[in-house]
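Below is model_13.txt, which holds compact mmCIF, C-alpha atoms.
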```txt
# COMPACT_ATOMS: atom_id res chain seq x y z
CA MET U 1 -6.61 -7.21 -9.11
CA LYS U 2 -8.54 -6.29 -5.99
CA LYS U 3 -7.44 -3.48 -3.73
CA SER U 4 -8.12 -2.93 -0.04
CA VAL U 5 -10.07 0.27 0.58
CA SER U 6 -10.96 1.81 3.97
CA ILE U 7 -13.60 4.50 4.07
CA THR U 8 -15.17 6.00 7.19
CA ILE U 9 -18.88 6.51 6.61
CA ASN U 10 -20.90 8.40 9.22
CA GLY U 11 -18.15 7.70 11.75
CA VAL U 12 -17.96 3.95 11.06
CA LYS U 13 -14.94 2.53 9.27
CA HIS U 14 -15.67 0.16 6.37
CA THR U 15 -12.81 -1.88 4.89
CA HIS U 16 -13.35 -4.03 1.79
CA GLU U 17 -11.38 -5.63 -1.00
CA VAL U 18 -12.74 -3.99 -4.14
CA GLU U 19 -12.20 -4.04 -7.86
CA PRO U 20 -10.51 -0.81 -8.99
CA ARG U 21 -13.51 -0.05 -11.22
CA LEU U 22 -16.03 -0.07 -8.33
CA LEU U 23 -17.82 3.26 -8.03
CA LEU U 24 -17.95 4.98 -4.65
CA VAL U 25 -21.76 4.91 -4.70
CA HIS U 26 -21.72 1.11 -5.02
CA PHE U 27 -19.24 0.85 -2.16
CA ILE U 28 -21.70 2.85 -0.04
CA ARG U 29 -24.85 1.05 -1.18
CA GLU U 30 -23.71 -2.53 -1.60
CA LEU U 31 -20.68 -2.99 0.65
CA ALA U 32 -21.58 -0.63 3.48
CA GLY U 33 -25.30 -1.40 2.99
CA LEU U 34 -26.40 2.22 3.16
CA THR U 35 -29.08 2.47 0.47
CA GLY U 36 -30.23 6.01 1.30
CA THR U 37 -27.73 7.25 -1.30
CA HIS U 38 -29.41 6.66 -4.66
CA VAL U 39 -28.32 6.03 -8.23
CA GLY U 40 -30.70 8.04 -10.36
CA CYS U 41 -28.94 8.46 -13.68
CA ASP U 42 -25.43 6.95 -13.57
CA THR U 43 -24.26 9.88 -15.69
CA SER U 44 -23.51 12.55 -13.02
CA GLN U 45 -26.52 14.66 -13.92
CA CYS U 46 -29.19 14.00 -11.29
CA GLY U 47 -27.32 14.36 -7.99
CA ALA U 48 -29.34 11.66 -6.17
CA CYS U 49 -26.01 10.12 -5.13
CA THR U 50 -24.66 13.29 -3.49
CA ILE U 51 -22.65 12.68 -0.30
CA HIS U 52 -20.06 14.65 1.66
CA LEU U 53 -16.48 13.59 1.12
CA ASP U 54 -14.14 15.26 3.63
CA GLY U 55 -16.74 18.02 4.01
CA GLN U 56 -17.28 18.57 0.29
CA ALA U 57 -20.54 17.66 -1.47
CA VAL U 58 -19.68 15.26 -4.31
CA LYS U 59 -21.60 12.94 -6.59
CA SER U 60 -20.59 9.48 -5.49
CA CYS U 61 -21.36 7.94 -8.89
CA THR U 62 -18.63 10.11 -10.37
CA MET U 63 -15.82 8.74 -8.20
CA LEU U 64 -14.16 5.41 -7.80
CA ALA U 65 -14.14 3.82 -4.38
CA VAL U 66 -10.34 3.58 -4.52
CA GLN U 67 -10.15 7.37 -4.87
CA ALA U 68 -11.96 7.72 -1.55
CA ASP U 69 -9.54 5.43 0.33
CA GLY U 70 -8.94 6.95 3.78
CA ALA U 71 -11.68 9.55 3.39
CA GLN U 72 -14.41 10.62 5.79
CA ILE U 73 -17.84 10.40 4.25
CA ALA U 74 -21.23 11.60 5.45
CA THR U 75 -24.42 10.24 3.89
CA ILE U 76 -28.12 10.96 4.47
CA GLU U 77 -28.18 8.23 7.16
CA GLY U 78 -25.70 10.30 9.20
CA MET U 79 -27.67 13.56 9.14
CA ALA U 80 -30.02 12.86 12.06
CA LYS U 81 -28.15 12.82 15.36
CA ASP U 82 -29.36 10.87 18.42
CA GLY U 83 -32.77 10.34 16.87
CA LYS U 84 -33.18 14.04 16.21
CA LEU U 85 -33.66 15.20 12.62
CA HIS U 86 -31.21 17.69 11.15
CA PRO U 87 -32.89 21.11 10.64
CA ILE U 88 -32.68 20.59 6.87
CA GLN U 89 -34.52 17.25 7.15
CA ASP U 90 -37.14 18.90 9.33
CA ALA U 91 -37.52 21.73 6.83
CA PHE U 92 -38.06 19.34 3.89
CA TRP U 93 -40.79 17.62 5.91
CA GLU U 94 -42.38 20.85 7.09
CA LYS U 95 -42.31 22.65 3.73
CA HIS U 96 -43.29 19.63 1.60
CA GLY U 97 -39.97 19.59 -0.21
CA LEU U 98 -40.52 16.05 -1.44
CA GLN U 99 -43.06 13.78 -3.04
CA CYS U 100 -41.60 10.44 -4.10
CA GLY U 101 -38.46 11.13 -2.08
CA PHE U 102 -35.96 9.59 -4.50
CA CYS U 103 -33.96 12.79 -5.05
CA THR U 104 -34.33 13.90 -1.42
CA PRO U 105 -31.13 12.42 0.09
CA GLY U 106 -29.05 14.16 -2.60
CA MET U 107 -31.05 17.35 -2.21
CA ILE U 108 -30.48 17.40 1.55
CA MET U 109 -26.74 16.73 1.21
CA SER U 110 -26.44 19.51 -1.38
CA ALA U 111 -28.56 21.82 0.78
CA ALA U 112 -26.18 21.27 3.69
CA GLN U 113 -23.28 22.40 1.52
CA ILE U 114 -25.25 25.41 0.24
CA LEU U 115 -25.96 26.55 3.80
CA GLN U 116 -22.29 26.18 4.72
CA ARG U 117 -21.40 28.44 1.80
CA TYR U 118 -24.33 30.83 2.16
CA PRO U 119 -25.86 30.79 5.66
CA LYS U 120 -28.48 33.27 4.39
CA PRO U 121 -28.96 32.28 0.76
CA THR U 122 -31.16 34.20 -1.65
CA GLU U 123 -33.66 32.25 -3.74
CA GLU U 124 -31.42 32.82 -6.77
CA GLN U 125 -28.38 31.42 -4.95
CA ILE U 126 -30.31 28.32 -3.87
CA ARG U 127 -31.61 27.67 -7.38
CA HIS U 128 -28.16 28.17 -8.87
CA GLN U 129 -26.46 25.94 -6.30
CA LEU U 130 -29.08 23.21 -6.82
CA ASP U 131 -28.26 23.12 -10.50
CA GLY U 132 -26.75 19.63 -10.15
CA ASN U 133 -29.75 18.04 -8.42
CA LEU U 134 -32.78 16.98 -10.41
CA CYS U 135 -36.27 16.47 -8.98
CA ARG U 136 -39.08 15.23 -11.22
CA CYS U 137 -41.94 15.66 -8.72
CA THR U 138 -41.90 19.03 -7.00
CA GLY U 139 -40.86 21.58 -9.59
CA TYR U 140 -38.24 22.72 -7.02
CA HIS U 141 -40.52 25.36 -5.53
CA ASN U 142 -40.96 23.70 -2.15
CA ILE U 143 -37.36 22.50 -2.10
CA VAL U 144 -36.24 26.14 -2.31
CA LYS U 145 -38.73 27.05 0.43
CA ALA U 146 -37.44 24.20 2.59
CA ILE U 147 -33.83 25.35 2.28
CA GLN U 148 -34.82 28.93 3.10
CA HIS U 149 -36.73 27.66 6.11
CA ALA U 150 -33.74 25.57 7.22
CA ALA U 151 -31.49 28.64 6.90
CA GLU U 152 -33.79 30.56 9.24
CA THR U 153 -33.98 27.72 11.77
CA MET U 154 -30.23 27.19 11.75
CA ALA U 155 -29.54 30.95 12.12
CA GLY U 156 -31.79 31.01 15.18
CA LYS U 157 -29.64 28.44 16.96
CA MET D 158 -63.86 20.89 16.10
CA ALA D 159 -62.06 18.05 14.31
CA THR D 160 -62.64 19.37 10.77
CA ALA D 161 -61.18 22.76 11.57
CA ARG D 162 -57.87 21.09 12.33
CA LEU D 163 -57.79 19.35 8.95
CA LEU D 164 -59.39 21.80 6.55
CA GLY D 165 -57.19 24.71 5.57
CA ALA D 166 -54.30 23.37 7.61
CA SER D 167 -50.96 22.21 6.27
CA ILE D 168 -50.66 18.56 7.27
CA LYS D 169 -47.22 16.98 7.48
CA ARG D 170 -47.03 13.78 5.46
CA ARG D 171 -46.63 10.59 7.48
CA GLU D 172 -44.48 8.88 4.84
CA ASP D 173 -41.83 11.60 4.84
CA PRO D 174 -39.68 10.59 7.85
CA ARG D 175 -38.35 7.50 6.08
CA PHE D 176 -37.56 9.42 2.89
CA ILE D 177 -35.71 12.27 4.60
CA THR D 178 -33.57 9.89 6.67
CA GLY D 179 -32.54 7.62 3.78
CA LYS D 180 -34.75 4.73 4.90
CA GLY D 181 -37.07 4.68 1.89
CA ASN D 182 -37.15 1.27 0.26
CA TYR D 183 -36.97 1.58 -3.52
CA THR D 184 -36.74 -1.34 -5.96
CA ASP D 185 -32.96 -1.00 -6.29
CA ASP D 186 -32.62 -1.11 -2.47
CA LEU D 187 -34.20 -4.56 -2.15
CA LYS D 188 -32.02 -7.57 -1.47
CA LEU D 189 -33.67 -10.94 -1.94
CA PRO D 190 -32.13 -14.42 -1.75
CA GLY D 191 -30.60 -15.60 -5.04
CA MET D 192 -30.97 -12.20 -6.65
CA THR D 193 -28.95 -11.62 -9.83
CA TYR D 194 -28.34 -8.79 -12.25
CA ALA D 195 -30.00 -8.60 -15.66
CA ALA D 196 -28.81 -6.77 -18.75
CA PHE D 197 -30.80 -6.45 -21.95
CA VAL D 198 -29.10 -6.98 -25.29
CA ARG D 199 -31.30 -5.73 -28.09
CA SER D 200 -31.18 -7.13 -31.58
CA PRO D 201 -29.54 -5.03 -34.26
CA HIS D 202 -31.75 -6.86 -36.78
CA ALA D 203 -35.41 -6.06 -37.30
CA HIS D 204 -36.58 -9.61 -38.04
CA ALA D 205 -34.18 -12.39 -37.12
CA GLY D 206 -34.22 -15.71 -35.29
CA ILE D 207 -31.82 -16.59 -32.46
CA ARG D 208 -29.81 -19.69 -33.45
CA LYS D 209 -27.46 -19.75 -30.47
CA ILE D 210 -26.30 -17.58 -27.55
CA ASP D 211 -22.63 -17.15 -26.68
CA THR D 212 -22.46 -16.55 -22.91
CA ALA D 213 -18.65 -16.47 -22.74
```
Rewrite the structure of this file - the entire thing - as structure tokens.
Amino acid sequence: MKKSVSITINGVKHTHEVEPRLLLVHFIRELAGLTGTHVGCDTSQCGACTIHLDGQAVKSCTMLAVQADGAQIATIEGMAKDGKLHPIQDAFWEKHGLQCGFCTPGMIMSAAQILQRYPKPTEEQIRHQLDGNLCRCTGYHNIVKAIQHAAETMAGK
Amino acid sequence: MATARLLGASIKRREDPRFITGKGNYTDDLKLPGMTYAAFVRSPHAHAGIRKIDTA
């Protein structure tokens, strides 16, 4: 039996009739058409599907769409405002925090949560907090540098 | 000197803006007319012929 679900994504309300088994990530990708959120593993390990649900970074492949009914969601597409990149996006570009870019949306969403928790994170804190995001290209080194750089830029504002 | 600006300088990649904004286009992001899903069912038998397929 289908159920009506309303989810606000990046400020836009999306209402769809969904099967109760539909994962949140598929609601975002297929029904809302926002394919920046990726499915890397389908087993909650890689973090490529990380989004913000009511301000909390969550893996959207680990939730059902019906559980997010009425929620406010932010995805990678909502990070840049008025054509201006978010400082974290800028930092990933500047510090070469990506190669193929597949893990990047999840990395950036997790990084945003890290910087909310620790505005001046140590390298150890960043590496620990990024535990749930896998990158197969960079070896994490430049991702850590990018997040440190973003912390500095954001502190200067 | 043009070379001085390239050699020894950190050059920002021109493909990055689309990846950091969620606008990369990966295989799973493509939507083409008439597209369907495929699932692979592998044989539990090493050497067997298919006599019929039950699609129910």
Mind dumping a table of every chain D residue within 10 Å of chain U, with the nearest atom pair and its distance in Å to one decimal, using only C-alpha atoms, sorted by chain and rising number, as JSON lines?
```
{"residue": "D:Ser167", "atom": "CA", "partner": "U:Glu94", "partner_atom": "CA", "distance": 8.7}
{"residue": "D:Ile168", "atom": "CA", "partner": "U:Glu94", "partner_atom": "CA", "distance": 8.6}
{"residue": "D:Lys169", "atom": "CA", "partner": "U:Glu94", "partner_atom": "CA", "distance": 6.2}
{"residue": "D:Arg170", "atom": "CA", "partner": "U:Trp93", "partner_atom": "CA", "distance": 7.3}
{"residue": "D:Arg171", "atom": "CA", "partner": "U:Trp93", "partner_atom": "CA", "distance": 9.3}
{"residue": "D:Glu172", "atom": "CA", "partner": "U:Gln99", "partner_atom": "CA", "distance": 9.4}
{"residue": "D:Asp173", "atom": "CA", "partner": "U:Trp93", "partner_atom": "CA", "distance": 6.2}
{"residue": "D:Pro174", "atom": "CA", "partner": "U:Trp93", "partner_atom": "CA", "distance": 7.4}
{"residue": "D:Arg175", "atom": "CA", "partner": "U:Gly101", "partner_atom": "CA", "distance": 8.9}
{"residue": "D:Phe176", "atom": "CA", "partner": "U:Gly101", "partner_atom": "CA", "distance": 5.3}
{"residue": "D:Ile177", "atom": "CA", "partner": "U:Gln89", "partner_atom": "CA", "distance": 5.7}
{"residue": "D:Thr178", "atom": "CA", "partner": "U:Glu77", "partner_atom": "CA", "distance": 5.7}
{"residue": "D:Gly179", "atom": "CA", "partner": "U:Gly36", "partner_atom": "CA", "distance": 3.8}
{"residue": "D:Lys180", "atom": "CA", "partner": "U:Gly36", "partner_atom": "CA", "distance": 5.9}
{"residue": "D:Gly181", "atom": "CA", "partner": "U:Gly36", "partner_atom": "CA", "distance": 7.0}
{"residue": "D:Asn182", "atom": "CA", "partner": "U:Thr35", "partner_atom": "CA", "distance": 8.2}
{"residue": "D:Tyr183", "atom": "CA", "partner": "U:Phe102", "partner_atom": "CA", "distance": 8.1}
{"residue": "D:Asp185", "atom": "CA", "partner": "U:Thr35", "partner_atom": "CA", "distance": 8.5}
{"residue": "D:Asp186", "atom": "CA", "partner": "U:Thr35", "partner_atom": "CA", "distance": 5.8}
{"residue": "D:Leu187", "atom": "CA", "partner": "U:Thr35", "partner_atom": "CA", "distance": 9.1}
{"residue": "D:Lys188", "atom": "CA", "partner": "U:Glu30", "partner_atom": "CA", "distance": 9.7}
```
Length of the atom CA of Gly47 of chain U to atom CA of Met154 of chain U vector [Å]: 23.7 Å
d(atom CA of Ile73 of chain U, atom CA of Gly132 of chain U) in Å: 19.3 Å
Å distance separating atom CA of Gly70 of chain U from atom CA of Lys13 of chain U, one decimal place: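 Distance between the two atoms: 9.3 Å.
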Take every atom of segment 10-24 of chain U listed in the file, fit an axis-aligned box around them, add 8 Å per side, and give the centre and edge lengths in Å to one decimal as lines of an AutoDock Vina configuration file.
```
center_x = -15.7
center_y = 1.4
center_z = 0.3
size_x = 26.4
size_y = 30.0
size_z = 39.0
```
Minimum-distance residue to His149 of chain U, chosen among U:Met1, U:Leu130, U:Leu115, U:Cys41 (using all atoms listed in the file):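 Answer, going by the shortest atom-to-atom distance: U:Leu115.
In this comparison, which uses all atoms listed in the file, the residue of U:Thr15, U:Thr153, U:Thr138, U:Gln129 approaching Ile28 of chain U most closely is U:Thr15.
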